[in-house]
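Asker: Provided below: model.tsv, containing TSV, C-alpha atoms and all ligand atoms.
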```tsv
chain	number	residue	atom	x	y	z
O	1	MET	CA	-64.70	62.33	-48.40
O	2	SER	CA	-67.92	62.39	-50.38
O	3	VAL	CA	-68.74	59.26	-52.33
O	4	ILE	CA	-72.04	60.48	-53.75
O	5	ASN	CA	-72.31	64.02	-55.07
O	6	VAL	CA	-75.56	65.24	-56.57
O	7	GLN	CA	-75.96	68.79	-57.89
O	8	GLY	CA	-79.22	70.15	-59.32
O	9	LEU	CA	-80.58	66.73	-60.30
O	10	THR	CA	-83.78	67.01	-62.34
O	11	MET	CA	-85.72	64.23	-63.99
O	12	ILE	CA	-88.71	64.94	-66.18
O	13	TYR	CA	-90.55	61.93	-67.62
O	14	LYS	CA	-92.56	62.24	-70.79
O	15	ALA	CA	-95.61	60.04	-70.36
O	16	PRO	CA	-97.88	59.34	-73.36
O	17	VAL	CA	-101.48	60.44	-72.88
O	18	ARG	CA	-104.52	59.59	-74.96
O	19	LYS	CA	-108.26	59.93	-74.71
O	20	GLU	CA	-110.37	56.86	-74.10
O	21	GLY	CA	-112.00	54.93	-76.91
O	22	LEU	CA	-111.04	52.98	-80.00
O	23	GLN	CA	-110.73	55.98	-82.30
O	24	ALA	CA	-108.33	57.70	-79.89
O	25	ALA	CA	-106.27	54.49	-79.73
O	26	PHE	CA	-106.10	54.41	-83.54
O	27	THR	CA	-105.19	58.12	-83.83
O	28	SER	CA	-102.47	57.69	-81.21
O	29	LEU	CA	-100.69	55.26	-83.54
O	30	PHE	CA	-99.90	58.22	-85.82
O	31	LYS	CA	-99.95	61.21	-83.52
O	32	ARG	CA	-98.98	60.88	-79.90
O	33	SER	CA	-99.31	63.52	-77.22
O	34	TYR	CA	-97.23	63.58	-74.10
O	35	ARG	CA	-97.41	65.12	-70.69
O	36	GLU	CA	-94.44	66.02	-68.55
O	37	ILE	CA	-94.02	64.54	-65.09
O	38	ARG	CA	-91.49	66.39	-62.97
O	39	ALA	CA	-90.35	63.47	-60.82
O	40	VAL	CA	-87.21	65.14	-59.40
O	41	GLN	CA	-86.67	68.89	-59.39
O	42	GLY	CA	-83.18	70.25	-58.84
O	43	ILE	CA	-82.08	68.30	-55.76
O	44	SER	CA	-78.52	68.53	-54.39
O	45	PHE	CA	-76.80	66.55	-51.65
O	46	GLU	CA	-73.59	64.75	-50.78
O	47	VAL	CA	-73.01	61.49	-48.93
O	48	THR	CA	-69.71	60.73	-47.24
O	49	ALA	CA	-67.94	57.36	-47.37
O	50	GLY	CA	-69.25	54.72	-44.96
O	51	SER	CA	-72.45	56.49	-43.96
O	52	VAL	CA	-75.94	55.02	-43.96
O	53	VAL	CA	-78.43	57.64	-45.12
O	54	GLY	CA	-82.21	57.29	-45.18
O	55	PHE	CA	-83.95	58.65	-48.25
O	56	ILE	CA	-87.57	59.11	-47.29
O	57	GLY	CA	-90.70	60.69	-48.72
O	58	PRO	CA	-94.32	59.93	-49.51
O	59	ASN	CA	-95.43	57.77	-52.48
O	60	GLY	CA	-94.43	59.31	-55.80
O	61	ALA	CA	-91.95	61.74	-54.18
O	62	GLY	CA	-89.10	60.78	-56.54
O	63	LYS	CA	-87.04	58.36	-54.43
O	64	THR	CA	-86.85	55.45	-56.87
O	65	THR	CA	-86.21	57.82	-59.78
O	66	THR	CA	-83.27	59.32	-57.88
O	67	LEU	CA	-81.84	55.89	-56.97
O	68	LYS	CA	-82.19	54.71	-60.58
O	69	THR	CA	-80.31	57.81	-61.76
O	70	LEU	CA	-77.56	57.33	-59.19
O	71	SER	CA	-77.24	53.69	-60.32
O	72	GLY	CA	-76.93	54.69	-63.97
O	73	ILE	CA	-80.25	53.13	-65.09
O	74	LEU	CA	-81.75	56.52	-65.97
O	75	HIS	CA	-80.17	59.49	-67.68
O	76	PRO	CA	-81.42	62.65	-65.93
O	77	THR	CA	-82.91	65.65	-67.71
O	78	GLU	CA	-80.50	68.00	-65.93
O	79	GLY	CA	-77.88	68.03	-63.22
O	80	GLU	CA	-74.54	66.59	-62.29
O	81	VAL	CA	-74.06	63.34	-60.42
O	82	SER	CA	-70.88	61.67	-59.34
O	83	VAL	CA	-70.81	58.30	-57.54
O	84	LEU	CA	-67.35	57.03	-56.55
O	85	GLY	CA	-65.99	59.62	-58.98
O	86	TYR	CA	-67.95	58.17	-61.94
O	87	THR	CA	-70.86	59.59	-63.89
O	88	PRO	CA	-73.39	56.78	-63.34
O	89	TRP	CA	-75.12	56.78	-66.74
O	90	ASN	CA	-71.78	56.20	-68.52
O	91	ARG	CA	-72.03	52.73	-66.91
O	92	GLU	CA	-68.30	52.07	-66.87
O	93	PRO	CA	-67.47	48.50	-65.77
O	94	ALA	CA	-65.35	49.73	-62.84
O	95	PHE	CA	-68.34	51.72	-61.59
O	96	LEU	CA	-70.84	48.86	-62.00
O	97	ARG	CA	-68.51	46.49	-60.16
O	98	ASN	CA	-68.65	48.75	-57.13
O	99	LEU	CA	-72.32	49.43	-56.96
O	100	ALA	CA	-75.56	47.56	-56.22
O	101	LEU	CA	-79.18	48.63	-56.44
O	102	ILE	CA	-81.43	46.23	-54.54
O	103	ARG	CA	-85.18	46.70	-54.73
O	104	GLY	CA	-87.49	45.02	-52.22
O	105	SER	CA	-90.21	44.87	-54.87
O	106	GLN	CA	-87.93	43.00	-57.29
O	107	PRO	CA	-84.99	41.57	-55.34
O	108	ILE	CA	-83.72	39.18	-58.02
O	109	GLY	CA	-83.39	39.62	-61.77
O	110	GLY	CA	-82.11	36.99	-64.20
O	111	PRO	CA	-83.16	33.39	-64.85
O	112	VAL	CA	-85.47	31.99	-62.17
O	113	GLU	CA	-84.83	28.36	-63.20
O	114	LEU	CA	-81.31	28.43	-61.74
O	115	THR	CA	-80.64	27.31	-58.21
O	116	VAL	CA	-79.43	29.91	-55.75
O	117	LEU	CA	-75.89	28.48	-55.81
O	118	ASP	CA	-75.80	28.46	-59.62
O	119	SER	CA	-77.02	32.07	-59.67
O	120	LEU	CA	-74.24	32.99	-57.26
O	121	ARG	CA	-71.66	31.24	-59.50
O	122	TYR	CA	-73.10	33.03	-62.52
O	123	GLN	CA	-72.76	36.31	-60.67
O	124	GLN	CA	-69.14	35.42	-59.88
O	125	LEU	CA	-68.44	35.07	-63.62
O	126	ILE	CA	-70.20	38.30	-64.59
O	127	TYR	CA	-68.46	40.36	-61.94
O	128	GLU	CA	-65.13	38.53	-62.34
O	129	VAL	CA	-64.85	37.70	-58.63
O	130	PRO	CA	-61.63	35.68	-58.02
O	131	ASP	CA	-62.18	32.15	-56.61
O	132	GLU	CA	-60.65	32.94	-53.22
O	133	ALA	CA	-62.78	36.06	-52.73
O	134	PHE	CA	-65.86	34.18	-53.97
O	135	LYS	CA	-65.43	31.44	-51.37
O	136	LYS	CA	-64.79	33.90	-48.56
O	137	ASN	CA	-67.67	36.24	-49.45
O	138	LEU	CA	-70.04	33.36	-50.05
O	139	ASN	CA	-69.28	31.79	-46.68
O	140	GLU	CA	-69.83	35.10	-44.90
O	141	LEU	CA	-73.08	35.84	-46.74
O	142	VAL	CA	-74.43	32.31	-46.25
O	143	GLU	CA	-73.85	32.66	-42.53
O	144	MET	CA	-75.16	36.19	-42.14
O	145	LEU	CA	-78.26	35.64	-44.28
O	146	HIS	CA	-78.93	32.03	-43.21
O	147	LEU	CA	-78.77	30.81	-46.80
O	148	GLU	CA	-77.52	27.24	-46.28
O	149	PRO	CA	-80.95	25.56	-46.74
O	150	LEU	CA	-81.70	27.70	-49.81
O	151	LEU	CA	-78.54	27.09	-51.88
O	152	THR	CA	-79.89	24.11	-53.81
O	153	ARG	CA	-83.36	25.58	-54.31
O	154	GLN	CA	-84.56	27.11	-57.59
O	155	ILE	CA	-85.04	30.88	-57.46
O	156	ARG	CA	-88.60	30.52	-58.79
O	157	ALA	CA	-89.56	28.44	-55.73
O	158	LEU	CA	-88.45	30.98	-53.12
O	159	SER	CA	-90.77	33.02	-50.93
O	160	LEU	CA	-90.53	36.84	-50.95
O	161	GLY	CA	-88.38	36.93	-47.81
O	162	GLU	CA	-86.08	34.20	-49.15
O	163	ARG	CA	-85.77	36.05	-52.47
O	164	MET	CA	-84.77	39.19	-50.64
O	165	ARG	CA	-82.03	37.36	-48.73
O	166	CYS	CA	-80.74	35.74	-51.92
O	167	GLY	CA	-81.01	39.04	-53.82
O	168	LEU	CA	-78.78	40.63	-51.19
O	169	ALA	CA	-76.27	37.79	-51.43
O	170	LEU	CA	-76.17	38.07	-55.23
O	171	SER	CA	-75.58	41.81	-55.08
O	172	LEU	CA	-73.08	41.74	-52.25
O	173	LEU	CA	-71.04	38.84	-53.57
O	174	TYR	CA	-68.79	41.25	-55.45
O	175	ARG	CA	-68.49	43.54	-52.40
O	176	PRO	CA	-69.88	46.79	-53.86
O	177	ARG	CA	-68.69	49.94	-52.10
O	178	VAL	CA	-72.00	51.73	-52.64
O	179	LEU	CA	-75.40	50.18	-51.94
O	180	PHE	CA	-78.77	51.58	-52.92
O	181	LEU	CA	-81.51	49.77	-51.02
O	182	ASP	CA	-85.01	50.56	-52.23
O	183	GLU	CA	-87.56	49.36	-49.65
O	184	PRO	CA	-85.45	46.40	-48.43
O	185	THR	CA	-88.05	45.31	-45.88
O	186	LEU	CA	-91.09	45.55	-48.15
O	187	GLY	CA	-93.58	42.76	-47.44
O	188	LEU	CA	-91.32	40.95	-44.94
O	189	ASP	CA	-92.63	39.50	-41.68
O	190	VAL	CA	-91.49	40.81	-38.29
O	191	THR	CA	-88.67	38.27	-37.90
O	192	ALA	CA	-87.37	38.84	-41.43
O	193	VAL	CA	-87.49	42.63	-40.94
O	194	GLY	CA	-85.41	42.30	-37.77
O	195	MET	CA	-82.90	40.07	-39.53
O	196	MET	CA	-82.67	42.44	-42.49
O	197	ARG	CA	-82.01	45.42	-40.23
O	198	ARG	CA	-79.30	43.54	-38.32
O	199	PHE	CA	-77.75	42.43	-41.59
O	200	ILE	CA	-77.62	45.94	-43.09
O	201	SER	CA	-76.14	47.36	-39.91
O	202	THR	CA	-73.49	44.61	-39.59
O	203	TYR	CA	-72.64	44.76	-43.28
O	204	SER	CA	-72.11	48.54	-43.21
O	205	HIS	CA	-69.89	48.28	-40.10
O	206	GLN	CA	-67.86	45.36	-41.44
O	207	THR	CA	-67.29	46.60	-44.98
O	208	GLY	CA	-67.51	50.39	-44.62
O	209	ALA	CA	-69.96	50.47	-47.55
O	210	THR	CA	-71.87	53.67	-48.22
O	211	ILE	CA	-75.62	53.00	-48.11
O	212	LEU	CA	-78.57	55.05	-49.31
O	213	LEU	CA	-81.81	53.45	-48.18
O	214	THR	CA	-85.46	54.18	-48.89
O	215	SER	CA	-88.16	52.83	-46.62
O	216	HIS	CA	-91.69	53.67	-45.63
O	217	TYR	CA	-91.05	52.02	-42.26
O	218	MET	CA	-89.71	54.66	-39.93
O	219	ALA	CA	-88.39	51.95	-37.61
O	220	ASP	CA	-85.95	50.91	-40.39
O	221	VAL	CA	-84.76	54.47	-40.80
O	222	GLU	CA	-84.55	55.07	-37.06
O	223	ALA	CA	-82.57	51.87	-36.49
O	224	LEU	CA	-80.12	52.30	-39.35
O	225	CYS	CA	-79.71	55.89	-40.49
O	226	GLY	CA	-77.80	58.65	-38.74
O	227	ARG	CA	-79.01	61.12	-41.33
O	228	ILE	CA	-82.12	61.45	-43.45
O	229	LEU	CA	-82.88	63.20	-46.71
O	230	LEU	CA	-86.58	63.96	-47.01
O	231	ILE	CA	-87.94	64.43	-50.50
O	232	ASP	CA	-91.44	65.55	-51.41
O	233	GLN	CA	-92.85	66.28	-54.88
O	234	GLY	CA	-89.36	65.93	-56.30
O	235	GLN	CA	-87.81	68.52	-53.99
O	236	LEU	CA	-85.45	68.05	-51.08
O	237	LYS	CA	-87.27	69.31	-47.97
O	238	TYR	CA	-84.97	68.26	-45.15
O	239	ASP	CA	-81.39	67.08	-44.68
O	240	GLY	CA	-80.40	66.22	-41.12
O	241	ASN	CA	-81.03	63.70	-38.36
O	242	LEU	CA	-84.40	62.30	-37.34
O	243	GLU	CA	-84.16	63.57	-33.79
O	244	ASP	CA	-83.77	67.20	-34.90
O	245	LEU	CA	-86.67	66.83	-37.33
O	246	SER	CA	-88.82	65.37	-34.58
O	247	THR	CA	-87.86	68.17	-32.16
O	248	ARG	CA	-88.52	70.82	-34.77
O	249	LEU	CA	-91.93	69.48	-35.71
O	250	SER	CA	-93.16	68.35	-32.38
O	251	PRO	CA	-92.15	70.66	-29.55
O	252	TYR	CA	-93.91	68.38	-27.05
O	253	LYS	CA	-93.04	65.20	-25.17
O	254	LEU	CA	-95.30	62.67	-23.53
O	255	LEU	CA	-95.10	62.39	-19.74
O	256	LYS	CA	-96.67	59.16	-18.49
O	257	VAL	CA	-97.37	59.13	-14.76
O	258	ALA	CA	-98.93	56.64	-12.35
O	259	VAL	CA	-99.80	57.78	-8.82
O	260	SER	CA	-100.97	56.00	-5.70
O	261	CYS	CA	-102.90	58.80	-3.98
O	262	GLU	CA	-106.59	58.49	-3.03
O	263	THR	CA	-107.95	61.74	-4.50
O	264	PRO	CA	-107.17	62.32	-8.18
O	265	PRO	CA	-104.80	65.25	-8.66
O	266	ALA	CA	-105.65	68.25	-10.84
O	267	TRP	CA	-103.71	66.91	-13.82
O	268	GLU	CA	-104.53	69.99	-15.94
O	269	ASP	CA	-102.12	71.96	-13.71
O	270	TYR	CA	-99.23	69.84	-15.03
O	271	GLY	CA	-99.94	69.58	-18.77
O	272	ASP	CA	-102.51	68.75	-21.47
O	273	VAL	CA	-104.24	65.52	-20.50
O	274	LEU	CA	-104.28	63.05	-23.42
O	275	GLU	CA	-105.40	59.90	-21.58
O	276	LYS	CA	-106.51	59.09	-18.02
O	277	GLU	CA	-107.16	55.61	-16.67
O	278	ASN	CA	-106.95	53.98	-13.18
O	279	GLY	CA	-104.56	56.49	-11.67
O	280	LYS	CA	-102.38	56.55	-14.83
O	281	VAL	CA	-102.23	59.59	-17.03
O	282	SER	CA	-100.54	60.72	-20.25
O	283	LEU	CA	-99.67	64.38	-20.31
O	284	ARG	CA	-98.51	66.46	-23.26
O	285	VAL	CA	-95.81	68.80	-21.96
O	286	HIS	CA	-93.65	71.32	-23.82
O	287	ARG	CA	-90.07	70.07	-24.16
O	288	GLY	CA	-88.73	73.11	-22.30
O	289	GLN	CA	-91.05	72.41	-19.33
O	290	ILE	CA	-90.26	68.69	-18.90
O	291	ALA	CA	-87.63	69.02	-16.16
O	292	ALA	CA	-89.68	71.48	-14.10
O	293	THR	CA	-92.93	69.50	-14.48
O	294	THR	CA	-91.24	66.23	-13.52
O	295	SER	CA	-89.76	67.83	-10.37
O	296	ARG	CA	-93.17	69.25	-9.39
O	297	LEU	CA	-94.90	65.89	-9.89
O	298	LEU	CA	-92.34	64.08	-7.74
O	299	ALA	CA	-92.49	66.75	-5.01
O	300	GLU	CA	-96.27	67.16	-4.88
O	301	LEU	CA	-97.64	63.64	-5.55
O	302	THR	CA	-96.98	60.03	-4.53
O	303	VAL	CA	-95.58	58.92	-7.87
O	304	ALA	CA	-95.48	55.14	-8.48
O	305	ASP	CA	-94.16	55.29	-12.03
O	306	LEU	CA	-93.02	58.00	-14.42
O	307	SER	CA	-91.64	58.03	-17.94
O	308	VAL	CA	-90.87	60.65	-20.59
O	309	GLU	CA	-91.35	59.70	-24.23
O	310	ASP	CA	-90.95	61.31	-27.62
O	311	PRO	CA	-94.07	61.38	-29.78
O	312	PRO	CA	-94.20	58.34	-32.11
O	313	LEU	CA	-91.98	58.93	-35.13
O	314	GLU	CA	-94.62	57.69	-37.56
O	315	SER	CA	-96.94	60.50	-36.45
O	316	VAL	CA	-94.19	63.12	-36.89
O	317	ILE	CA	-93.41	61.89	-40.42
O	318	ASP	CA	-97.10	61.61	-41.27
O	319	GLN	CA	-97.43	65.28	-40.26
O	320	VAL	CA	-94.54	66.24	-42.60
O	321	TYR	CA	-96.06	64.30	-45.51
O	322	ARG	CA	-99.47	65.90	-44.97
O	323	GLU	CA	-98.50	69.44	-44.05
O	324	GLY	CA	-94.91	69.84	-45.27
O	325	ILE	CA	-92.13	71.48	-43.29
O	326	ALA	CA	-92.57	75.15	-42.40
O	401	LIG	N1	-91.31	55.56	-66.19
O	401	LIG	C1	-92.07	56.56	-65.79
O	401	LIG	N2	-92.79	57.30	-66.66
O	401	LIG	C2	-93.56	58.33	-66.25
O	401	LIG	N3	-93.67	58.72	-64.97
O	401	LIG	C3	-92.99	58.03	-64.04
O	401	LIG	C4	-92.15	56.91	-64.39
O	401	LIG	N4	-91.59	56.43	-63.26
O	401	LIG	C5	-92.05	57.19	-62.25
O	401	LIG	N5	-92.88	58.15	-62.72
O	401	LIG	C6	-93.56	59.21	-61.92
O	401	LIG	O1	-92.55	59.97	-61.29
O	401	LIG	C7	-92.94	60.33	-59.96
O	401	LIG	C8	-91.90	59.82	-58.96
O	401	LIG	O2	-91.93	58.39	-58.98
O	401	LIG	P1	-90.94	57.50	-58.09
O	401	LIG	O3	-91.19	56.08	-58.44
O	401	LIG	O4	-89.55	58.03	-58.24
O	401	LIG	O5	-91.48	57.83	-56.62
O	401	LIG	P2	-91.14	57.13	-55.23
O	401	LIG	O6	-90.80	58.23	-54.27
O	401	LIG	O7	-90.14	56.06	-55.40
O	401	LIG	O8	-92.57	56.52	-54.86
O	401	LIG	P3	-92.99	55.20	-54.02
O	401	LIG	O9	-92.71	55.50	-52.58
O	401	LIG	O10	-94.46	55.12	-54.30
O	401	LIG	O11	-92.21	54.04	-54.56
O	401	LIG	C9	-94.33	59.74	-59.77
O	401	LIG	O12	-95.27	60.76	-60.05
O	401	LIG	C10	-94.41	58.63	-60.81
O	401	LIG	O13	-95.75	58.44	-61.24
```
As structure tokens, what does this structure read like?
Answerer:
Amino acid sequence: MSVINVQGLTMIYKAPVRKEGLQAAFTSLFKRSYREIRAVQGISFEVTAGSVVGFIGPNGAGKTTTLKTLSGILHPTEGEVSVLGYTPWNREPAFLRNLALIRGSQPIGGPVELTVLDSLRYQQLIYEVPDEAFKKNLNELVEMLHLEPLLTRQIRALSLGERMRCGLALSLLYRPRVLFLDEPTLGLDVTAVGMMRRFISTYSHQTGATILLTSHYMADVEALCGRILLIDQGQLKYDGNLEDLSTRLSPYKLLKVAVSCETPPAWEDYGDVLEKENGKVSLRVHRGQIAATTSRLLAELTVADLSVEDPPLESVIDQVYREGIA
């Protein structure tokens, strides 16, 4: 069953423009000119209940605009959107109670003077979470996000990583069924990134929430998302899994071999040599030739070590962002 249904979504911003200088500033008070920015151009997709989908694309591609529209913050120029059966920009209470948009760049809104626990209690009131559910959800979130030492701290005194953990707890306290995560690991250190990934994965398994996630870190997407939507210049360029995209764009694999023979073999006979050092070599071999090349290497040389690797995902995605998808 699809929980998110987007058909022909288009968002055109009107941004004011003016020439430089004082006179232009004065004139613009009376007569403004605008320029259109086509942030999202007729995209369509569906997301089924319980799935974790990566929404990726280069800077300015239209990801945040789409997430804001799906959350009901923006009213689109054109298109139909249904999330949990609701039209987001009508902002019905039953819809808002089942949805959370969490942005890594701004994980917590609201008063920063409150302590974390007071903010959570405030959230309980706003979202009308019954006492029993509040206690249960709070205990789970405190444990999963290691919040115990932070509960009595003021929001304003938290570090970025701590804010992100508390922002998640605030948004998940009311158990939303749909989560939009916009760069959830932005600016976090390696340990915090690992914890965040584990948390998102556990949360989606435990609650069956539907998650749409943007991230510039391919490791996030690779670890969490079975499917990706790739958007570029406001248009949907790919909908499928990362592995297929990688196979389609990079028909080669890396064969890393170490040998223990005296005379160096003619590596060029086995594949394109990318690196060669102390009897170890990296060969670029067409995917279709991997099995045959591996058999030949093992039969003809004294192989000490051998591994087959996919090209790094970052380089595949970088290629898509620079050259597009044919
Ligand atoms: N409020 C706004 N007014 C005018 N233009 C905007 C506004 N918000 C975004 N844009 C423009 O719309 C386009 C898409 O922006 P958006 O923030 O959706 O991209 P993004 O994919 O989230 O980028 P990033 O990865 O850099 O966060 C960009 O060209 C941006 O400059």
Asker: Can you tell me which residues come within 12 Å of ligand LIG 401 (chain O) when counting all atoms listed in the file, ideally as a PyMOL selection string?
Answerer: chain O and resi 10-17+34-41+55-69+73-75+103-105+181-184+186+213-217+230-236+321
Asker: Which of these, O:Thr87, O:Gln154, O:Ser44, O:Ser307, has the shortest distance to Gly8 (chain O) once you count all atoms listed in the file?
Answerer: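 Checking each candidate against Gly8 (chain O), we get O:Ser44 as the closest.
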Asker: Go through O:Val52, O:Ala192, O:Leu114, O:Leu172 one by one, measure the shortest atom-to-atom distance of each to Val142 (chain O) using all atoms listed in the file, and give the residue with the smallest value.
Answerer: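 Closest residue, counting all atoms listed in the file: O:Leu172.
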Asker: With a distance cut-off of 10 Å and only C-alpha atoms, select the neighbouring residues of Met218 (chain O), excluding the residue or stretch itself and same-chain residues fewer than 2 positions from it, and output the selection as a ChimeraX atom specification.
Answerer: /O:54,56,214-216,220-224,242,312-315,317
Asker: For the selection just defined, write its residues with C-alpha atoms to a file, as a PDB file, in the coordinates of the input.
Answerer:
```pdb
ATOM      1  CA  GLY O  54     -82.210  57.290 -45.180  1.00  0.00           C
ATOM      2  CA  ILE O  56     -87.570  59.110 -47.290  1.00  0.00           C
ATOM      3  CA  THR O 214     -85.460  54.180 -48.890  1.00  0.00           C
ATOM      4  CA  SER O 215     -88.160  52.830 -46.620  1.00  0.00           C
ATOM      5  CA  HIS O 216     -91.690  53.670 -45.630  1.00  0.00           C
ATOM      6  CA  ASP O 220     -85.950  50.910 -40.390  1.00  0.00           C
ATOM      7  CA  VAL O 221     -84.760  54.470 -40.800  1.00  0.00           C
ATOM      8  CA  GLU O 222     -84.550  55.070 -37.060  1.00  0.00           C
ATOM      9  CA  ALA O 223     -82.570  51.870 -36.490  1.00  0.00           C
ATOM     10  CA  LEU O 224     -80.120  52.300 -39.350  1.00  0.00           C
ATOM     11  CA  LEU O 242     -84.400  62.300 -37.340  1.00  0.00           C
ATOM     12  CA  PRO O 312     -94.200  58.340 -32.110  1.00  0.00           C
ATOM     13  CA  LEU O 313     -91.980  58.930 -35.130  1.00  0.00           C
ATOM     14  CA  GLU O 314     -94.620  57.690 -37.560  1.00  0.00           C
ATOM     15  CA  SER O 315     -96.940  60.500 -36.450  1.00  0.00           C
ATOM     16  CA  ILE O 317     -93.410  61.890 -40.420  1.00  0.00           C
TER      17      ILE O 317
END
```
Asker: What does the structure give for the distance between CA of Val259 (chain O) and CA of Asn278 (chain O), in Å to one decimal?
Answerer: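 Between CA of Val259 (chain O) and CA of Asn278 (chain O) the gap is 9.2 Å.
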Asker: Rank nothing, just name the residue among O:His146, O:Gly240, O:Leu212, O:Gln7 nearest to Gly79 (chain O), using all atoms listed in the file.
Answerer: O:Gln7
Asker: Which protein, DNA or RNA residues have an atom at most 12 Å from (-66.1, 50.4, -43.5), counting all atoms listed in the file? List them as an MDAnalysis selection string.
Answerer: chainID O and resid 48:52 175:178 201:211
Asker: From the options O:Ala258, O:Ile155, O:Leu168, O:Ala266, which residue's atoms come nearest to Ser282 (chain O), counting only C-alpha atoms?
Answerer: O:Ala258
Asker: What residues have an atom no more than 10 Å from (-101.1, 67.7, -3.6) in the file's own frame, counting all atoms listed in the file, and can you write them as number ranges by chain?
Answerer: O: 261, 263-266, 296-297, 299-302
Asker: Once 8 Å is added on each side, what centre and edge lengths in Å to one decimal does the axis-aligned box around all listed atoms of region 154-170 of chain O have, as AutoDock Vina command-line options?
Answerer:
```
--center_x -83.5 --center_y 33.9 --center_z -53.3 --size_x 30.6 --size_y 29.5 --size_z 27.0
```
Asker: Compile the contact shell of Gly72 (chain O) as a PyMOL selection string: residues with an atom at most 8 Å away, counting all atoms listed in the file, same-chain residues fewer than 5 positions apart removed.
Answerer: chain O and resi 87-91
Asker: What does the distance from CA of Cys225 (chain O) to CA of Gly194 (chain O) come to in Å, to one decimal?
Answerer: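 Calculated distance between CA of Cys225 (chain O) and CA of Gly194 (chain O) is 15.0 Å.
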Asker: So what do you get for CA of Thr247 (chain O) versus CA of Arg287 (chain O), distance-wise?
Answerer: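 We find that CA of Thr247 (chain O) and CA of Arg287 (chain O) lie 8.5 Å from each other.
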Asker: Any idea what's packed within 9 Å of Thr115 (chain O), counting all atoms listed in the file, ignoring anything in its chain fewer than 6 positions away? Could you give it as an NGL selection string?
Answerer: :O and (150-156)
Asker: Take the selection from the previous step and output its residues with C-alpha atoms, as a tab-separated table (two decimals), in the frame of the given file.
Answerer:
```tsv
chain	number	residue	atom	x	y	z
O	150	LEU	CA	-81.70	27.70	-49.81
O	151	LEU	CA	-78.54	27.09	-51.88
O	152	THR	CA	-79.89	24.11	-53.81
O	153	ARG	CA	-83.36	25.58	-54.31
O	154	GLN	CA	-84.56	27.11	-57.59
O	155	ILE	CA	-85.04	30.88	-57.46
O	156	ARG	CA	-88.60	30.52	-58.79
```
